[in-house]
$ cat query31.cif   # mmCIF, C-alpha atoms
data_entry
loop_
_atom_site.label_atom_id
_atom_site.label_comp_id
_atom_site.auth_asym_id
_atom_site.auth_seq_id
_atom_site.Cartn_x
_atom_site.Cartn_y
_atom_site.Cartn_z
CA MET A 1 7.14 12.90 -24.85
CA GLN A 2 10.43 11.01 -24.92
CA PRO A 3 10.85 8.32 -22.27
CA MET A 4 13.49 8.69 -19.57
CA LYS A 5 16.20 6.11 -18.98
CA LEU A 6 14.93 4.64 -15.73
CA PRO A 7 16.06 3.71 -13.20
CA GLY A 8 19.11 5.97 -13.14
CA PRO A 9 22.48 4.99 -11.62
CA LYS A 10 21.75 6.31 -8.12
CA ALA A 11 18.35 4.64 -8.11
CA ARG A 12 19.85 1.33 -9.25
CA ALA A 13 22.42 1.43 -6.48
CA LEU A 14 19.80 2.09 -3.81
CA ILE A 15 17.47 -0.60 -5.15
CA LYS A 16 20.35 -3.09 -4.91
CA ARG A 17 21.01 -2.11 -1.29
CA ASP A 18 17.29 -2.34 -0.53
CA ALA A 19 17.06 -5.89 -1.87
CA ALA A 20 19.69 -7.04 0.62
CA VAL A 21 17.97 -5.77 3.77
CA ILE A 22 14.23 -5.17 3.14
CA SER A 23 11.48 -7.80 3.17
CA PRO A 24 10.64 -9.06 -0.34
CA SER A 25 6.92 -8.97 0.52
CA TYR A 26 6.51 -5.30 -0.36
CA PRO A 27 4.59 -4.93 -3.66
CA ARG A 28 6.92 -2.56 -5.49
CA SER A 29 5.29 -1.41 -8.72
CA TYR A 30 8.26 0.09 -10.55
CA PRO A 31 11.78 1.35 -9.73
CA PHE A 32 11.01 4.82 -8.40
CA VAL A 33 13.37 6.07 -5.67
CA ILE A 34 12.17 9.41 -4.31
CA ASP A 35 14.51 12.19 -3.29
CA HIS A 36 12.09 15.06 -2.57
CA GLY A 37 8.70 16.45 -3.48
CA LYS A 38 6.72 19.66 -3.59
CA GLY A 39 2.97 19.67 -4.09
CA THR A 40 2.10 17.30 -6.94
CA GLU A 41 5.70 17.17 -8.20
CA VAL A 42 8.34 14.71 -7.04
CA TRP A 43 11.97 14.11 -8.01
CA ASP A 44 13.94 10.90 -7.88
CA VAL A 45 17.51 10.55 -6.65
CA ASP A 46 18.83 11.03 -10.19
CA GLY A 47 17.04 14.36 -10.60
CA ASN A 48 14.16 13.19 -12.80
CA ARG A 49 10.86 15.06 -12.30
CA PHE A 50 7.50 13.27 -12.06
CA LEU A 51 3.87 14.16 -11.49
CA ASP A 52 2.41 12.16 -8.63
CA PHE A 53 -1.03 10.77 -9.48
CA MET A 54 -1.07 8.23 -6.65
CA ALA A 55 -0.07 10.36 -3.62
CA GLY A 56 1.50 7.46 -1.77
CA ILE A 57 -1.79 5.48 -2.11
CA ALA A 58 -4.06 8.49 -1.53
CA VAL A 59 -2.07 9.59 1.53
CA VAL A 60 -0.35 12.87 0.65
CA SER A 61 -3.61 14.79 0.64
CA THR A 62 -2.15 18.31 0.87
CA GLY A 63 0.71 17.57 -1.50
CA HIS A 64 4.31 16.78 -0.71
CA ALA A 65 5.93 18.87 2.02
CA HIS A 66 3.19 21.48 2.37
CA PRO A 67 4.81 24.35 4.32
CA LYS A 68 1.94 24.64 6.82
CA VAL A 69 2.09 20.94 7.61
CA VAL A 70 5.89 21.02 7.86
CA LYS A 71 5.69 24.01 10.22
CA ALA A 72 3.16 22.25 12.45
CA ILE A 73 5.44 19.20 12.63
CA GLN A 74 8.48 21.33 13.46
CA GLU A 75 6.70 23.28 16.18
CA GLN A 76 5.41 20.14 17.85
CA ALA A 77 8.79 18.38 17.57
CA GLU A 78 10.41 21.19 19.53
CA LYS A 79 7.98 20.57 22.43
CA PHE A 80 7.93 16.76 22.77
CA LEU A 81 7.96 13.79 20.41
CA HIS A 82 5.95 11.24 22.33
CA ILE A 83 3.77 10.58 25.33
CA SER A 84 2.01 7.24 25.56
CA SER A 85 -1.76 6.96 25.46
CA ASP A 86 -1.73 6.24 29.20
CA PHE A 87 -1.61 10.01 29.64
CA TYR A 88 -3.00 13.18 28.03
CA HIS A 89 -1.93 15.91 25.64
CA GLU A 90 -3.86 18.79 24.13
CA THR A 91 -3.06 18.11 20.48
CA TRP A 92 -4.85 14.78 20.33
CA ILE A 93 -7.80 16.21 22.24
CA ARG A 94 -8.06 19.02 19.70
CA LEU A 95 -7.84 16.50 16.87
CA ALA A 96 -10.53 14.29 18.42
CA GLU A 97 -12.75 17.35 18.86
CA LYS A 98 -12.32 18.17 15.17
CA LEU A 99 -13.03 14.59 14.11
CA ALA A 100 -16.18 14.65 16.25
CA GLU A 101 -17.23 17.85 14.49
CA ILE A 102 -16.81 16.45 10.97
CA ALA A 103 -17.91 12.86 11.67
CA PRO A 104 -21.00 11.81 9.67
CA PHE A 105 -23.15 11.18 12.75
CA HIS A 106 -25.90 13.20 14.38
CA ASP A 107 -24.58 11.89 17.68
CA ASN A 108 -21.23 13.00 19.06
CA GLY A 109 -18.32 11.04 17.64
CA VAL A 110 -15.68 9.49 19.91
CA SER A 111 -12.26 8.55 18.49
CA PHE A 112 -9.73 5.86 19.19
CA MET A 113 -6.43 6.97 17.63
CA THR A 114 -4.34 4.43 15.76
CA ASN A 115 -1.16 4.28 13.69
CA SER A 116 -2.70 3.05 10.43
CA GLY A 117 -5.87 2.14 8.61
CA THR A 118 -5.40 -1.55 9.35
CA GLU A 119 -5.21 -0.83 13.06
CA ALA A 120 -8.32 1.36 12.83
CA VAL A 121 -10.18 -1.56 11.24
CA GLU A 122 -8.96 -3.94 13.95
CA THR A 123 -10.27 -1.46 16.50
CA ALA A 124 -13.67 -1.37 14.79
CA ILE A 125 -13.88 -5.19 14.75
CA LYS A 126 -13.09 -5.45 18.46
CA LEU A 127 -15.43 -2.59 19.34
CA ALA A 128 -18.32 -4.16 17.42
CA ARG A 129 -17.89 -7.47 19.22
CA TYR A 130 -17.56 -5.79 22.61
CA HIS A 131 -20.54 -3.48 22.20
CA THR A 132 -22.97 -5.99 20.71
CA GLY A 133 -21.87 -9.15 22.47
CA ARG A 134 -22.05 -10.85 19.06
CA SER A 135 -19.18 -12.46 17.20
CA ASN A 136 -20.03 -12.67 13.47
CA PHE A 137 -19.63 -10.21 10.59
CA ILE A 138 -20.45 -9.67 6.95
CA GLY A 139 -17.82 -8.32 4.56
CA PHE A 140 -17.65 -7.95 0.77
CA THR A 141 -15.80 -9.52 -2.12
CA GLY A 142 -13.27 -7.16 -3.65
CA ALA A 143 -12.66 -5.51 -0.28
CA PHE A 144 -9.34 -4.35 1.11
CA HIS A 145 -9.23 -3.52 4.82
CA GLY A 146 -5.58 -4.22 5.64
CA ARG A 147 -3.18 -7.07 6.28
CA THR A 148 -3.28 -7.81 10.01
CA MET A 149 -5.14 -10.97 10.90
CA GLY A 150 -8.58 -9.53 11.56
CA ALA A 151 -8.47 -6.97 8.74
CA VAL A 152 -7.05 -9.42 6.22
CA THR A 153 -9.93 -11.82 6.94
CA PHE A 154 -12.31 -9.17 5.59
CA THR A 155 -9.91 -8.38 2.72
CA ALA A 156 -11.08 -10.24 -0.38
CA SER A 157 -9.53 -8.55 -3.40
CA LYS A 158 -6.58 -10.84 -4.23
CA PRO A 159 -5.78 -14.44 -3.24
CA LYS A 160 -2.18 -13.56 -2.33
CA TYR A 161 -3.43 -11.63 0.69
CA HIS A 162 -4.68 -14.93 2.18
CA ARG A 163 -2.31 -17.50 0.68
CA GLY A 164 -0.12 -19.04 3.38
CA PHE A 165 -1.91 -17.37 6.29
CA TYR A 166 -4.80 -19.71 7.10
CA PRO A 167 -6.63 -20.18 9.41
CA LEU A 168 -7.91 -16.60 9.44
CA MET A 169 -10.29 -15.02 11.96
CA ASN A 170 -13.53 -16.96 12.14
CA GLY A 171 -17.02 -15.52 11.85
CA VAL A 172 -16.79 -13.55 8.57
CA VAL A 173 -19.05 -14.20 5.56
CA HIS A 174 -18.58 -12.26 2.31
CA ALA A 175 -21.30 -10.88 0.06
CA PRO A 176 -20.76 -9.54 -3.48
CA PHE A 177 -20.02 -5.82 -3.60
CA PRO A 178 -22.41 -4.03 -5.98
CA ASN A 179 -20.20 -3.36 -9.01
CA PRO A 180 -22.44 -1.68 -11.63
CA TYR A 181 -19.93 -2.43 -14.42
CA ARG A 182 -19.73 -6.14 -13.61
CA PRO A 183 -23.02 -7.23 -11.97
CA ILE A 184 -23.34 -10.90 -11.02
CA LEU A 185 -26.81 -10.96 -9.44
CA GLU A 186 -30.12 -10.66 -11.22
CA ARG A 187 -32.05 -7.50 -10.41
CA ARG A 188 -35.76 -7.41 -9.79
CA LYS A 189 -37.92 -4.82 -11.47
CA GLY A 190 -37.63 -1.45 -9.75
CA GLU A 191 -34.37 -2.25 -7.92
CA ASP A 192 -31.02 -0.63 -8.48
CA TYR A 193 -28.14 -3.07 -8.26
CA GLY A 194 -27.18 -1.92 -4.77
CA GLU A 195 -30.64 -2.85 -3.51
CA THR A 196 -30.28 -6.21 -5.24
CA VAL A 197 -27.12 -6.97 -3.25
CA VAL A 198 -28.78 -6.01 0.05
CA ARG A 199 -31.71 -8.26 -0.79
CA TYR A 200 -29.21 -11.07 -1.45
CA ILE A 201 -27.65 -10.50 1.98
CA GLU A 202 -31.02 -10.73 3.67
CA GLU A 203 -32.29 -13.73 1.72
CA GLN A 204 -29.10 -15.76 1.24
CA ILE A 205 -26.81 -14.87 4.16
CA LEU A 206 -28.93 -13.76 7.11
CA GLY A 207 -30.77 -16.89 8.14
CA PRO A 208 -29.40 -19.53 5.76
CA ILE A 209 -25.78 -18.89 6.85
CA LEU A 210 -25.75 -16.41 9.76
CA PRO A 211 -28.49 -15.89 12.33
CA PRO A 212 -29.07 -12.09 12.30
CA GLU A 213 -29.01 -11.92 16.11
CA GLU A 214 -25.41 -13.19 16.07
CA VAL A 215 -24.07 -10.64 13.57
CA ALA A 216 -22.12 -7.81 15.21
CA GLY A 217 -21.48 -5.67 12.15
CA ILE A 218 -21.31 -5.22 8.41
CA LEU A 219 -17.91 -3.85 7.37
CA VAL A 220 -17.80 -2.15 3.97
CA GLU A 221 -15.68 0.33 2.05
CA THR A 222 -17.85 3.24 0.95
CA ILE A 223 -16.00 3.18 -2.37
CA GLN A 224 -13.89 0.10 -2.93
CA GLY A 225 -10.21 0.97 -3.24
CA GLU A 226 -7.96 -1.98 -3.97
CA GLY A 227 -10.98 -3.77 -5.44
CA GLY A 228 -11.08 -1.36 -8.39
CA TYR A 229 -12.26 2.10 -7.26
CA ILE A 230 -15.83 0.90 -7.50
CA VAL A 231 -18.63 3.36 -6.72
CA PRO A 232 -21.79 1.51 -5.62
CA PRO A 233 -25.25 2.43 -6.95
CA PRO A 234 -27.15 5.09 -4.98
CA GLY A 235 -29.61 2.64 -3.45
CA PHE A 236 -26.97 0.47 -1.79
CA PHE A 237 -26.18 2.31 1.43
CA PRO A 238 -29.72 3.43 2.28
CA ALA A 239 -30.88 -0.19 1.88
CA LEU A 240 -27.92 -1.47 3.89
CA ARG A 241 -28.66 1.02 6.67
CA LYS A 242 -32.28 -0.17 6.76
CA LEU A 243 -31.16 -3.79 6.96
CA CYS A 244 -28.75 -3.04 9.82
CA ASP A 245 -31.46 -1.17 11.74
CA LYS A 246 -33.87 -4.07 11.29
CA HIS A 247 -31.49 -6.53 12.94
CA ASP A 248 -29.54 -4.21 15.31
CA ILE A 249 -26.35 -4.74 13.32
CA LEU A 250 -23.63 -2.07 13.33
CA LEU A 251 -22.85 -0.45 9.98
CA ILE A 252 -19.07 0.05 9.86
CA VAL A 253 -17.74 2.05 6.91
CA ASP A 254 -14.09 1.93 5.95
CA GLU A 255 -13.13 5.41 4.75
CA VAL A 256 -9.37 4.86 5.03
CA GLN A 257 -8.91 5.67 1.33
CA SER A 258 -12.13 7.48 0.43
CA GLY A 259 -12.28 9.87 3.38
CA MET A 260 -10.63 13.15 4.36
CA GLY A 261 -12.04 15.18 1.49
CA ARG A 262 -10.89 12.95 -1.36
CA THR A 263 -14.38 12.75 -2.91
CA GLY A 264 -15.16 16.44 -2.41
CA LYS A 265 -16.85 15.82 0.95
CA TRP A 266 -15.25 14.87 4.25
CA TRP A 267 -16.51 11.32 3.83
CA ALA A 268 -17.69 9.44 0.76
CA ILE A 269 -20.67 8.12 2.73
CA GLU A 270 -22.09 11.66 2.71
CA HIS A 271 -22.75 11.26 -1.02
CA PHE A 272 -25.20 8.49 -0.15
CA ASN A 273 -27.14 10.32 2.60
CA THR A 274 -26.48 7.51 5.06
CA GLU A 275 -25.16 7.59 8.62
CA PRO A 276 -22.88 4.77 9.71
CA ASP A 277 -22.38 3.65 13.30
CA VAL A 278 -18.60 3.37 13.10
CA LEU A 279 -16.10 4.87 10.65
CA THR A 280 -12.42 4.14 10.09
CA THR A 281 -9.99 6.65 8.63
CA ALA A 282 -6.24 6.96 8.02
CA LYS A 283 -4.20 7.58 4.83
CA GLY A 284 -4.93 11.26 4.01
CA ILE A 285 -5.56 12.35 7.60
CA ALA A 286 -2.02 13.63 8.30
CA SER A 287 -0.45 14.30 4.88
CA GLY A 288 1.86 11.29 5.15
CA LEU A 289 2.55 10.86 8.83
CA PRO A 290 1.31 7.58 10.32
CA LEU A 291 -2.07 8.13 11.92
CA GLY A 292 -5.53 6.60 11.82
CA ALA A 293 -8.71 6.68 13.84
CA CYS A 294 -11.76 4.60 14.56
CA ILE A 295 -14.63 7.03 15.10
CA ALA A 296 -17.89 5.78 16.59
CA ARG A 297 -21.10 7.18 17.96
CA ARG A 298 -20.63 7.84 21.69
CA GLU A 299 -23.15 5.24 22.81
CA ILE A 300 -21.24 2.55 20.89
CA MET A 301 -17.74 3.26 22.19
CA ASP A 302 -18.65 1.97 25.62
CA TRP A 303 -15.79 -0.41 26.41
CA GLU A 304 -14.19 -0.37 29.81
CA LYS A 305 -10.85 1.13 30.74
CA GLY A 306 -7.93 -0.99 29.57
CA SER A 307 -9.98 -3.16 27.20
CA HIS A 308 -8.21 -1.66 24.20
CA GLY A 309 -5.16 0.58 23.90
CA ASN A 310 -1.82 1.18 22.20
CA THR A 311 1.52 2.90 22.72
CA PHE A 312 1.89 5.19 19.72
CA GLY A 313 -1.74 6.02 18.86
CA GLY A 314 -2.34 9.75 18.98
CA ASN A 315 1.34 10.55 18.53
CA PRO A 316 1.70 14.32 19.08
CA ILE A 317 3.61 14.98 15.86
CA SER A 318 1.10 13.04 13.77
CA CYS A 319 -1.79 14.82 15.50
CA ALA A 320 -0.22 18.21 14.81
CA ALA A 321 0.19 17.27 11.15
CA ALA A 322 -3.43 16.10 11.06
CA LEU A 323 -4.76 19.37 12.47
CA ALA A 324 -2.86 21.35 9.84
CA THR A 325 -4.00 18.91 7.13
CA ILE A 326 -7.66 19.14 8.11
CA GLU A 327 -7.54 22.94 8.11
CA LEU A 328 -6.06 22.97 4.60
CA ILE A 329 -8.61 20.47 3.32
CA GLU A 330 -11.46 22.41 4.86
CA THR A 331 -10.41 25.84 3.61
CA GLU A 332 -8.92 24.98 0.20
CA TYR A 333 -8.59 21.44 -0.98
CA MET A 334 -11.93 19.72 -0.46
CA CYS A 335 -13.55 22.12 -2.92
CA ASN A 336 -10.59 21.69 -5.25
CA ALA A 337 -10.98 17.90 -5.12
CA ALA A 338 -14.60 18.23 -6.23
CA GLU A 339 -13.88 20.70 -9.03
CA VAL A 340 -10.66 19.23 -10.45
CA GLY A 341 -12.02 15.72 -9.96
CA GLN A 342 -15.10 16.45 -12.07
CA TYR A 343 -12.87 18.10 -14.67
CA ALA A 344 -10.68 14.98 -14.77
CA LEU A 345 -13.72 12.71 -15.16
CA ASP A 346 -14.91 14.81 -18.09
CA VAL A 347 -11.50 14.66 -19.79
CA LEU A 348 -11.18 10.93 -19.13
CA SER A 349 -14.58 10.35 -20.73
CA GLU A 350 -13.24 12.05 -23.86
CA ILE A 351 -10.10 9.90 -23.70
CA GLN A 352 -12.28 6.80 -23.29
CA ALA A 353 -14.10 7.62 -26.53
CA ARG A 354 -10.76 7.57 -28.37
CA HIS A 355 -9.41 4.34 -26.86
CA PRO A 356 -10.99 0.89 -27.19
CA SER A 357 -9.06 -0.47 -24.20
CA ILE A 358 -10.92 1.73 -21.71
CA GLY A 359 -14.02 -0.12 -20.62
CA ASP A 360 -15.13 2.13 -17.78
CA VAL A 361 -14.31 5.47 -16.16
CA ARG A 362 -15.77 6.00 -12.69
CA GLY A 363 -15.25 7.87 -9.47
CA ILE A 364 -16.14 10.83 -7.30
CA GLY A 365 -13.85 13.78 -6.73
CA LEU A 366 -10.20 12.76 -6.91
CA MET A 367 -10.92 9.08 -6.40
CA ILE A 368 -11.11 7.93 -10.02
CA GLY A 369 -10.73 4.49 -11.55
CA VAL A 370 -10.05 3.68 -15.21
CA GLU A 371 -10.78 0.06 -16.08
CA PHE A 372 -8.99 -1.53 -19.04
CA VAL A 373 -10.44 -4.32 -21.15
CA MET A 374 -9.40 -6.27 -24.21
CA ASP A 375 -12.92 -6.00 -25.61
CA ARG A 376 -15.68 -3.64 -24.52
CA GLU A 377 -18.45 -6.09 -25.30
CA THR A 378 -16.99 -9.11 -23.48
CA LYS A 379 -15.28 -6.91 -20.83
CA GLU A 380 -12.30 -9.26 -20.81
CA PRO A 381 -9.86 -7.71 -18.29
CA ALA A 382 -6.72 -6.26 -19.89
CA GLU A 383 -4.35 -7.08 -17.05
CA LYS A 384 -1.05 -6.99 -18.97
CA LEU A 385 -2.08 -3.93 -20.97
CA HIS A 386 -2.92 -1.94 -17.85
CA GLU A 387 0.45 -2.90 -16.32
CA ARG A 388 2.13 -1.69 -19.50
CA VAL A 389 0.29 1.64 -19.33
CA ILE A 390 1.66 2.17 -15.83
CA GLU A 391 5.20 1.36 -17.00
CA LEU A 392 5.01 3.66 -20.02
CA ALA A 393 3.60 6.50 -17.92
CA PHE A 394 6.43 6.11 -15.40
CA GLU A 395 9.01 6.31 -18.17
CA ARG A 396 7.44 9.62 -19.23
CA GLY A 397 7.23 11.20 -15.81
CA LEU A 398 3.86 10.15 -14.35
CA LEU A 399 3.44 8.03 -11.22
CA LEU A 400 0.38 5.77 -11.28
CA LEU A 401 -0.85 2.80 -9.29
CA GLY A 402 -3.12 -0.01 -10.31
CA CYS A 403 -5.88 -1.68 -8.32
CA SER A 404 -7.91 -4.82 -8.86
CA LYS A 405 -6.24 -6.60 -11.79
CA ASN A 406 -7.00 -4.20 -14.62
CA VAL A 407 -7.81 -0.77 -13.13
CA ILE A 408 -5.60 2.30 -12.84
CA ARG A 409 -6.44 4.74 -10.08
CA ILE A 410 -6.19 8.51 -10.44
CA ALA A 411 -5.64 9.68 -6.86
CA PRO A 412 -3.31 12.71 -6.82
CA PRO A 413 -2.91 15.14 -3.93
CA LEU A 414 -6.10 17.11 -3.31
CA SER A 415 -4.07 20.25 -4.00
CA ILE A 416 -3.49 19.37 -7.67
CA SER A 417 -4.09 22.20 -10.14
CA ARG A 418 -6.04 21.90 -13.36
CA SER A 419 -2.88 22.50 -15.38
CA GLU A 420 -1.11 19.66 -13.56
CA MET A 421 -4.10 17.43 -14.21
CA ASP A 422 -3.92 18.32 -17.90
CA GLU A 423 -0.19 17.56 -18.01
CA GLY A 424 -0.67 14.22 -16.31
CA LEU A 425 -3.64 13.12 -18.41
CA LYS A 426 -1.73 13.99 -21.57
CA ILE A 427 1.03 11.59 -20.49
CA PHE A 428 -1.61 9.04 -19.49
CA GLU A 429 -3.22 9.11 -22.92
CA GLU A 430 0.12 8.83 -24.65
CA ALA A 431 0.91 5.75 -22.57
CA ILE A 432 -2.49 4.24 -23.43
CA THR A 433 -1.93 4.87 -27.14
CA LEU A 434 1.45 3.16 -27.08
CA ALA A 435 0.17 0.22 -25.03
CA GLU A 436 -2.79 -0.31 -27.36
CA LYS A 437 -0.45 -0.47 -30.34
CA GLU A 438 1.71 -3.06 -28.57
CA PHE A 439 -1.39 -5.15 -27.83
CA SER A 440 -2.97 -4.57 -31.27
CA LEU A 441 -5.91 -2.59 -29.93
CA SER A 442 -5.64 0.45 -32.17
CA LYS A 443 -9.17 -0.21 -33.45
CA PRO A 444 -12.27 -1.37 -31.56
CA ARG A 445 -12.44 -5.14 -31.58
CA LYS A 446 -15.60 -7.04 -32.42
CA ALA A 447 -17.10 -9.28 -29.79
CA ARG A 448 -15.95 -12.88 -30.05
CA GLN A 449 -18.42 -15.18 -31.79
CA PRO A 450 -19.54 -18.25 -29.83
CA ILE A 451 -17.85 -21.49 -30.84
CA PRO A 452 -20.38 -23.81 -32.57
CA LEU A 453 -21.07 -27.05 -30.73
CA ASN A 454 -21.15 -29.14 -33.89
#
$ encode --input "query31.cif" --output "structure tokens"
Amino acid sequence: MQPMKLPGPKARALIKRDAAVISPSYPRSYPFVIDHGKGTEVWDVDGNRFLDFMAGIAVVSTGHAHPKVVKAIQEQAEKFLHISSDFYHETWIRLAEKLAEIAPFHDNGVSFMTNSGTEAVETAIKLARYHTGRSNFIGFTGAFHGRTMGAVTFTASKPKYHRGFYPLMNGVVHAPFPNPYRPILERRKGEDYGETVVRYIEEQILGPILPPEEVAGILVETIQGEGGYIVPPPGFFPALRKLCDKHDILLIVDEVQSGMGRTGKWWAIEHFNTEPDVLTTAKGIASGLPLGACIARREIMDWEKGSHGNTFGGNPISCAAALATIELIETEYMCNAAEVGQYALDVLSEIQARHPSIGDVRGIGLMIGVEFVMDRETKEPAEKLHERVIELAFERGLLLLGCSKNVIRIAPPLSISRSEMDEGLKIFEEAITLAEKEFSLSKPRKARQPIPLN
């Protein structure tokens, strides 16, 4: 496929205007200026067509401008646009009832509506402290929970998220997340690596660093997002649940990116047969409108009136979009995510066999990570190569996003068809082939030999 001349003249003009008035802190990946979208397809302001394999960071779950979601937004907008959370409206009650129905608890779930995933995490932090009367937490390296002060304290995936912002919130200790591709702890016989990490928490954090009776909660992404789309071993969450129960610690799962049907179930935690105490969600909940929620078991969300609130949480238009989104996921797209996701994993495994730069392919449903390395034996991260793959794919009409420092995520709308997946993966492989040639990785490289000491 021939590359496009990007950015086009209209895009260049808008990017120039943007630079004059928008904060430079936004992490723009490449010069894509959207004009409109439909399903998995998007067009830029110069009329170039792209396939969207990042869905606005796993947000546009039902595809761009789904007519049922658009209709729900229009109908609500004709009634009223806003009423603060000091009052009531039926749409957010209906949404909370639906979230209670699908929440991964045996107990009834109670929701606090937010505007984003970060705000949902902040809510969970405050709730855990209020409910338990404790002040300390355990988080994980590689995590991303947001950028506000509490959430960014737990975030531990890139130094730039902390640089210049110290001191952060106190009372957070990080444990290693169980990355099966890059383990750093020694397993004991009979353990899977997830169980090893939980043992490390109990032996090296609880007691030596944090008294268990002063730990309010353990906050963890079910599948790490920004940290590299890392799926933990099956023993991790059951062992973590057991540890939390032992010490009366709340298990808080961040499903902002992995939830809302993306893994082929409502919540990724369901794949691990584990019930959390608190769950945060956002991103794919409303097909692109700003909305999030902190969902907790009823007995936990026991704070008094006025102890926590907001102005825009539970916005009626966002709630209407969420109800339409959830119905579409439930009736059509959750099953599609499981089926097309497994198909994509199978195809990517075949692509991996043809390309020495692909060290690992992992994921569940349509939450897939492809990790690039300079050498499969040493697992040296191929940071520049993976950036080049993203650039080459963009030039050929495929929108991708990276995560960690050498992983590309495959996170298209849940509505993607198999033919669209085929089209996108064909472009993806072409970009990999070209990047490998540029970095002289057309053949598998031998592992480096150790340098002799004398």
$ resolve_selection --input "query31.cif" --expression "the PyMOL selection byres ((chain A and resi 66) around 10)" --output "PDB file with C-alpha atoms, keeping the file's coordinate frame"
ATOM      1  CA  GLY A  37       8.700  16.450  -3.480  1.00  0.00           C
ATOM      2  CA  LYS A  38       6.720  19.660  -3.590  1.00  0.00           C
ATOM      3  CA  GLY A  39       2.970  19.670  -4.090  1.00  0.00           C
ATOM      4  CA  VAL A  60      -0.350  12.870   0.650  1.00  0.00           C
ATOM      5  CA  SER A  61      -3.610  14.790   0.640  1.00  0.00           C
ATOM      6  CA  THR A  62      -2.150  18.310   0.870  1.00  0.00           C
ATOM      7  CA  GLY A  63       0.710  17.570  -1.500  1.00  0.00           C
ATOM      8  CA  HIS A  64       4.310  16.780  -0.710  1.00  0.00           C
ATOM      9  CA  ALA A  65       5.930  18.870   2.020  1.00  0.00           C
ATOM     10  CA  PRO A  67       4.810  24.350   4.320  1.00  0.00           C
ATOM     11  CA  LYS A  68       1.940  24.640   6.820  1.00  0.00           C
ATOM     12  CA  VAL A  69       2.090  20.940   7.610  1.00  0.00           C
ATOM     13  CA  VAL A  70       5.890  21.020   7.860  1.00  0.00           C
ATOM     14  CA  LYS A  71       5.690  24.010  10.220  1.00  0.00           C
ATOM     15  CA  SER A 287      -0.450  14.300   4.880  1.00  0.00           C
ATOM     16  CA  ALA A 324      -2.860  21.350   9.840  1.00  0.00           C
ATOM     17  CA  THR A 325      -4.000  18.910   7.130  1.00  0.00           C
ATOM     18  CA  LEU A 328      -6.060  22.970   4.600  1.00  0.00           C
ATOM     19  CA  SER A 415      -4.070  20.250  -4.000  1.00  0.00           C
TER      20      SER A 415
END
$ atom_distance --input "query31.cif" --atom1 "CA of Gly259 (chain A)" --atom2 "CA of Thr281 (chain A)"
6.6 Å
$ atom_distance --input "query31.cif" --atom1 "CA of Met421 (chain A)" --atom2 "CA of Ala344 (chain A)"
7.0 Å
$ residues_around --input "query31.cif" --residues "Gly47 (chain A)" --least-positions-apart "2" --cutoff "12 Å" --atoms "only C-alpha atoms" --output "list in words"
Met4, Lys5, Leu6, Pro7, Gly8, Pro9, Lys10, Ala11, Phe32, Val33, Ile34, Asp35, His36, Gly37, Glu41, Val42, Trp43, Asp44, Val45, Arg49, Phe50 and Gly397 of chain A
$ closest_atom_pairs --input "query31.cif" --of "region 2-96 of chain A" --to "region 313-319 of chain A" --cutoff "8 Å" --atoms "only C-alpha atoms" --output "CSV"
residue,atom,partner,partner_atom,distance
A:Ile73,CA,A:Ile317,CA,5.6
A:Gln76,CA,A:Ile317,CA,5.8
A:Ala77,CA,A:Ile317,CA,6.4
A:Phe80,CA,A:Pro316,CA,7.6
A:Leu81,CA,A:Ile317,CA,6.4
A:His82,CA,A:Asn315,CA,6.0
A:Ile83,CA,A:Asn315,CA,7.2
A:Ser84,CA,A:Gly313,CA,7.8
A:Ser85,CA,A:Gly313,CA,6.7
A:His89,CA,A:Pro316,CA,7.7
A:Thr91,CA,A:Cys319,CA,6.1
A:Trp92,CA,A:Cys319,CA,5.7
A:Leu95,CA,A:Cys319,CA,6.4
$ resolve_selection --input "query31.cif" --expression "the PyMOL selection byres ((chain A and resi 342) around 10)" --output "JSON, numbers by chain"
{"A": [263, 264, 336, 337, 338, 339, 340, 341, 343, 344, 345, 346, 347, 348, 363, 364, 365, 366, 368]}
$ resolve_selection --input "query31.cif" --expression "the PyMOL selection byres ((chain A and resi 160-176) around 7)" --output "PyMOL selection string"
chain A and resi 135-141+149-150+152-154+158-159+177-178+197+201
$ residues_near_point --input "query31.cif" --point "(-28.8, -7.8, 12.1)" --cutoff "12 Å" --atoms "only C-alpha atoms" --output "PyMOL selection string"
chain A and resi 132+134-138+201-202+205-207+210-218+240-251
$ atom_distance --input "query31.cif" --atom1 "CA of Gly117 (chain A)" --atom2 "CA of Pro290 (chain A)"
9.2 Å
$ closest_residue --input "query31.cif" --among "A:His271, A:Lys405, A:Arg94, A:Arg354" --to "Leu385 (chain A)" --atoms "all atoms listed in the file"
A:Lys405
$ closest_residue --input "query31.cif" --among "A:Arg147, A:Arg396, A:Lys265, A:Arg129" --to "Pro104 (chain A)" --atoms "only C-alpha atoms"
A:Lys265
$ residues_near_point --input "query31.cif" --point "(-3.8, -3.0, -31.2)" --cutoff "12 Å" --atoms "all atoms listed in the file" --output "list in words"
His355, Pro356, Ser357, Met374, Asp375, Leu385, Ile432, Thr433, Leu434, Ala435, Glu436, Lys437, Glu438, Phe439, Ser440, Leu441, Ser442, Lys443, Pro444 and Arg445 of chain A
$ closest_residue --input "query31.cif" --among "A:Gln352, A:Glu299, A:Arg388, A:Gln257" --to "Ile57 (chain A)" --atoms "only C-alpha atoms"
A:Gln257
